[in-house]
Amino acid sequence: MWNDKETNVDLLGHRRIAQTIVEILREEELRPLTVGIHGSWGAGKTSILSLIEAELKDDDTTLCLTFNGWLYQGYDDTKSALMEAVVHALLSRRSVGASAMAMGKRLFKRINWLKAAKVAGSLAMTAATGMSPAALFGLPGLLASAKDLFADKEAKPAGTTVNVTVEAEEEDWLKPEQATVPAQIQAFRDELQALIKEAGVERLVVLVDDLDRCLPTSVIDILEAVKLFLFVEGSAFILATDEQMIEYAVRRHFPDLPVSQAEYTKHYLEKLIQIPIRVPSLNALQTQNYIRFLLLQNHLQHDKTRLAEICTAFEQARETPYDNKELTYAFITEQLGGSNQDLRNILNVAEQLGSTLAKELRGNPRNVKRFLNTLFMRQRVARIYGLEQKVQLDVLAKLMLLERFHAEQYEAVVADVTAAPDGRSATVQQLEATEPEPVADAKPKAKSKHDTPAATAPAVEEALRQWAQFAPALAEVDLRPYIFISRERVLSFQPGEEIPPALMPLYQALLTGVRMQFVKHEADAKALTPSQARLLFEQLQREAVTTGDWQTVPKAVDGLVYLVQQQPALEAPLIAMMNSVAAKDLGVWVGTKFGFFTTPDGKAARRTFLANLQQDPQVSGTLKTLLSQMQTAD
């Protein structure tokens with residue numbers, strides 16, 4: 001199985017991106033510089049940062065450090081944490097002397113001063129209002145007192161390799177002309193640049209990771225620290241970000257921007273990033289090669305040296321960088337120096353998974369890893385239960401594709417297998433018996449009012465036909481052991497990831513809690529099959545039960561109520577969910593929310609639920625009064 005940590009073994013072919021960035025960093029006339037590595041969650045941004053760090057590790061003229069803002073949020077001012085980390089890294093160099101240490105002391109004092117002046121808040125307001133920081137604070141007494149506030153305190157930078165203590169000094173380190181926020185910022189920048197030169201550093205490279213995981217306030221803190229404090233001659237910043245998450249942070253930080261400034265969120269990042277580099281998604285062949293590399297890594301028992309040698313050989317075997325070369329069993333065994341049947345069998349799984357995972361997971365490496373981790377976890381479960389001889393990896397992989405991307409058909413297979421004495425599935429037999437049709441000749445069927453979007457969409461039908469043609473055939477396979485080891489399905493993927501793509505728009509609309517969004521998908525909600533409706537219900541229920549406030553209606557409950565209105569068979573399960581909530585936490589809304597029930601089971605469950613609330617001593621008096629006044633005649 002595979003962890004989610006970055007690696008120096010380049011399985012994704014990103015080393016060229018890292019080498020390009022390093023070449024740019026070495027062009028002196030371009031510094032100071034900010035480079036943005038943009039990509040979605042799991043696209044490989046952290047791996048690129050790791051490759052950049054590896055390229056620079058033997059360069060004595062370059063100081064490269066990694067800053068993870070996610071680790072600092074909630075513990076300290078994130079802006080100050082980044083500034084302290086940079087100063088601390090410079091002082092950690094073996095070549096620094098007394099002069100550099102004195103500069104470091106002054107820089108730590110200025111960080112403390114700026115922290116006391118709450119410069120983070122002032123800078124944010126500057127961006128929103130156009131007022132200067134000095135005007136915003138405007139209290140000379142407050143700013144002047146910052147020196148006294150920290151004069152007798154120690155400033156300890158993050159880390160333990162350098163012990164720098166800021167002590168009270170006889171001389172006045174804060175000059176009168178520096179007792180304003182703008183002056184302090186400029187003084188910090190000047191002294192930081194001097195420290196870089198004193199430390200013998202030609203290039204200060206700061207790799208900022210996990211920026212898109214931070215809270216909006218921390219994101220803005222880090223970006224402002226980069227541009228306002230640390231962006232000096234000789235410095236370069238590599239920011240790994242998801243552009244959409246940064247835009248979201250900017251919108252949250254400046255909520256009152258006028259409509260005319262709607263593009264400000266994009267311009268904000270564009271002004272900070274001089275060179276944007278977007279991590280490309282993997283295509284079908286690249287995804288298949290990536291899966292093969294991961295399976296090879298597992299086969300080699302994570303021997304990084306051997307794996308790196310094969311990766312290098314594969315890269316050198318390309319005639320051109322854009323050559324669509326396939327990582328084959330023959331190529332791998334040539335590098336390993338011999339054939340291996342176990343390796344051949346395991347690599348066959350990549351044939352099944354490549355095209356489907358590339359399309360459905362949009363070539364996202366992290367999601368590919370998650371899928372494979374689930375696959376091998378289930379193989380381990382089979383071994384623990386003594387079923388290793390009855391569970392074949394290729395059969396399990398094919399069945400998992402159906403489970404992951406065609407939930408309705410998978411649930412039908414589960415029902416077939418549970419009922420069949422030989423464990424065979426009539427649904428699988430029907431799917432595999434269907435002759436593949438050329439896409440150009442495929443004609444959409446006439447739509448029935450009972451058809452679902454998933455059942456009538458030609459793309460989905462074609463995807464199922466392709467799945468049915470994957471080897472091995474499952475029609476005559478006893479699938480009971482495979483269904484048995486898949487009982488941990490809830491642990492396989494993140495919440496919401498089990499929703500088939502065709503149902504995702506409806507699911508996302510129901511999560512909003514906004515009725516105007518619901519009604520846009522009314523036809524889809526009414527057309528759900530029972531299994532699809534139950535799947536959506538269970539996912540929304542997971543969201544609802546994690547809420548901490550039931551005094552007002554949770555958004556997920558509003559979505560559940562609308563779903564149940566379109567699917568009355570879910571009325572009783574909705575009340576069962578409400579019974580799991582502590583009565584003392586329920587708000588008055590509960591008394592009137594479920595008056596739409598129409599089924600006998602639903603009405604009976606509602607009557608019992610409301611009657612129990614009336615008798616519960618922990619229920620609020622207001623809700624009890626409302627319940628006593630209600631007439632629940634059905």
# chains A, B, ... in the order shown; residues from 1 in each chain; ligands from 1

call {"tool": "residues_around", "arguments": {"residues": "stretch 52-60 of chain A", "least_positions_apart": "3", "cutoff": "9 Å", "atoms": "only C-alpha atoms", "output": "list in words"}}
result
Asn8, Arg15, Ile17, Ala18, Gln19, Ile21, Val22, Ser47, Ile48, Leu49, Leu63, Cys64, Leu65, Thr66, Val201 and Leu207 of chain A

call {"tool": "write_last_selection", "arguments": {"atoms": "N, CA and C atoms", "output": "PDB file, in the first residue's frame"}}
result
ATOM      1  N   ASN A   8      10.792  11.505  -3.630  1.00  0.00           N
ATOM      2  CA  ASN A   8      11.827  11.955  -4.560  1.00  0.00           C
ATOM      3  C   ASN A   8      11.918  11.057  -5.786  1.00  0.00           C
ATOM      4  N   ARG A  15       9.749  15.707 -12.893  1.00  0.00           N
ATOM      5  CA  ARG A  15      11.102  16.216 -12.648  1.00  0.00           C
ATOM      6  C   ARG A  15      11.455  17.343 -13.608  1.00  0.00           C
ATOM      7  N   ILE A  17       9.492  19.593 -14.760  1.00  0.00           N
ATOM      8  CA  ILE A  17       8.890  20.825 -14.240  1.00  0.00           C
ATOM      9  C   ILE A  17       9.775  21.397 -13.141  1.00  0.00           C
ATOM     10  N   ALA A  18      10.242  20.530 -12.243  1.00  0.00           N
ATOM     11  CA  ALA A  18      11.107  20.980 -11.151  1.00  0.00           C
ATOM     12  C   ALA A  18      12.406  21.565 -11.693  1.00  0.00           C
ATOM     13  N   GLN A  19      12.997  20.916 -12.687  1.00  0.00           N
ATOM     14  CA  GLN A  19      14.255  21.412 -13.250  1.00  0.00           C
ATOM     15  C   GLN A  19      14.057  22.754 -13.947  1.00  0.00           C
ATOM     16  N   ILE A  21      11.871  25.054 -13.081  1.00  0.00           N
ATOM     17  CA  ILE A  21      11.754  26.063 -12.020  1.00  0.00           C
ATOM     18  C   ILE A  21      13.121  26.383 -11.430  1.00  0.00           C
ATOM     19  N   VAL A  22      13.956  25.367 -11.223  1.00  0.00           N
ATOM     20  CA  VAL A  22      15.291  25.596 -10.666  1.00  0.00           C
ATOM     21  C   VAL A  22      16.125  26.468 -11.606  1.00  0.00           C
ATOM     22  N   SER A  47       4.891  16.905  -4.497  1.00  0.00           N
ATOM     23  CA  SER A  47       5.977  16.117  -5.083  1.00  0.00           C
ATOM     24  C   SER A  47       6.924  17.000  -5.894  1.00  0.00           C
ATOM     25  N   ILE A  48       6.376  17.979  -6.587  1.00  0.00           N
ATOM     26  CA  ILE A  48       7.228  18.900  -7.350  1.00  0.00           C
ATOM     27  C   ILE A  48       8.101  19.717  -6.405  1.00  0.00           C
ATOM     28  N   LEU A  49       7.529  20.185  -5.294  1.00  0.00           N
ATOM     29  CA  LEU A  49       8.335  20.908  -4.308  1.00  0.00           C
ATOM     30  C   LEU A  49       9.467  20.029  -3.787  1.00  0.00           C
ATOM     31  N   LEU A  63      19.992  28.640  -0.116  1.00  0.00           N
ATOM     32  CA  LEU A  63      19.323  28.179   1.101  1.00  0.00           C
ATOM     33  C   LEU A  63      17.874  27.892   0.745  1.00  0.00           C
ATOM     34  N   CYS A  64      17.483  26.635   0.871  1.00  0.00           N
ATOM     35  CA  CYS A  64      16.122  26.217   0.514  1.00  0.00           C
ATOM     36  C   CYS A  64      15.422  25.698   1.758  1.00  0.00           C
ATOM     37  N   LEU A  65      14.273  26.258   2.068  1.00  0.00           N
ATOM     38  CA  LEU A  65      13.492  25.782   3.206  1.00  0.00           C
ATOM     39  C   LEU A  65      12.035  25.616   2.801  1.00  0.00           C
ATOM     40  N   THR A  66      11.362  24.694   3.481  1.00  0.00           N
ATOM     41  CA  THR A  66       9.941  24.433   3.228  1.00  0.00           C
ATOM     42  C   THR A  66       9.125  24.955   4.391  1.00  0.00           C
ATOM     43  N   VAL A 201      24.414  33.795   1.299  1.00  0.00           N
ATOM     44  CA  VAL A 201      23.373  33.157   0.499  1.00  0.00           C
ATOM     45  C   VAL A 201      23.136  33.969  -0.771  1.00  0.00           C
ATOM     46  N   LEU A 207       9.878  27.290  -0.101  1.00  0.00           N
ATOM     47  CA  LEU A 207       8.830  26.453  -0.682  1.00  0.00           C
ATOM     48  C   LEU A 207       7.628  26.480   0.253  1.00  0.00           C
TER      49      LEU A 207
END

call {"tool": "residues_around", "arguments": {"residues": "A:Lys584", "least_positions_apart": "6", "cutoff": "7 Å", "atoms": "only C-alpha atoms", "output": "PyMOL selection string"}}
result
chain A and resi 618-620

call {"tool": "select_by_dssp", "arguments": {"residues": "stretch 193-227 of chain A", "states": "strand (DSSP E)", "output": "PyMOL selection string"}}
result
chain A and resi 203-209

call {"tool": "residues_around", "arguments": {"residues": "A:Arg292", "least_positions_apart": "2", "cutoff": "8 Å", "atoms": "only C-alpha atoms", "output": "list in words"}}
result
Gln288, Asn289, Tyr290, Leu294, Leu295, Leu296, Leu327, Leu347 and Ala350 of chain A

call {"tool": "residues_around", "arguments": {"residues": "A:Val417", "least_positions_apart": "6", "cutoff": "10 Å", "atoms": "only C-alpha atoms", "output": "list in words"}}
result
Glu411, Gly423, Arg424, Ser425, Ala426, Thr427, Asp478, Leu479, Arg480, Pro481, Tyr482 and Ile483 of chain A

call {"tool": "atom_distance", "arguments": {"atom1": "atom CA of A:Leu387", "atom2": "atom CA of A:Arg344"}}
result
21.7 Å

call {"tool": "residues_around", "arguments": {"residues": "A:Val208", "least_positions_apart": "2", "cutoff": "7 Å", "atoms": "only C-alpha atoms", "output": "list in words"}}
result
Thr66, Phe67, Asn68, Val206, Leu211, Ile238, Leu239 and Ala240 of chain A

call {"tool": "closest_atom_pairs", "arguments": {"of": "stretch 481-542 of chain A", "to": "stretch 575-580 of chain A", "cutoff": "12 Å", "atoms": "only C-alpha atoms", "output": "JSON lines"}}
result
{"residue": "A:Phe537", "atom": "CA", "partner": "A:Met577", "partner_atom": "CA", "distance": 10.4}
{"residue": "A:Glu538", "atom": "CA", "partner": "A:Met577", "partner_atom": "CA", "distance": 10.0}
{"residue": "A:Leu540", "atom": "CA", "partner": "A:Met577", "partner_atom": "CA", "distance": 10.8}
{"residue": "A:Gln541", "atom": "CA", "partner": "A:Met577", "partner_atom": "CA", "distance": 7.4}
{"residue": "A:Arg542", "atom": "CA", "partner": "A:Met577", "partner_atom": "CA", "distance": 9.9}

call {"tool": "residues_around", "arguments": {"residues": "A:Ala471", "least_positions_apart": "6", "cutoff": "10 Å", "atoms": "only C-alpha atoms", "output": "PyMOL selection string"}}
result
chain A and resi 348-349+351-352+394-395+398

call {"tool": "closest_residue", "arguments": {"among": "A:Gln184, A:Gln532, A:Ser95, A:Thr287", "to": "A:Arg366", "atoms": "only C-alpha atoms"}}
result
A:Thr287

call {"tool": "residues_around", "arguments": {"residues": "A:Lys45", "least_positions_apart": "5", "cutoff": "8 Å", "atoms": "only C-alpha atoms", "output": "list in words"}}
result
Ile37, His38, Gly39, Ala240, Thr241 and Val279 of chain A

call {"tool": "closest_residue", "arguments": {"among": "A:Leu536, A:Ile485, A:Trp589, A:Ile111", "to": "A:Ile384", "atoms": "only C-alpha atoms"}}
result
A:Ile485

call {"tool": "closest_residue", "arguments": {"among": "A:Phe470, A:Tyr329, A:Phe484, A:Tyr410", "to": "A:Gln379", "atoms": "only C-alpha atoms"}}
result
A:Phe484

call {"tool": "select_by_dssp", "arguments": {"residues": "stretch 383-610 of chain A", "states": "alpha helix (DSSP H)", "output": "PyMOL selection string"}}
result
chain A and resi 383-384+393-405+407-419+426-433+453-456+458-469+480-485+504-512+515-519+522-526+530-545+555-566+571-579+600-610
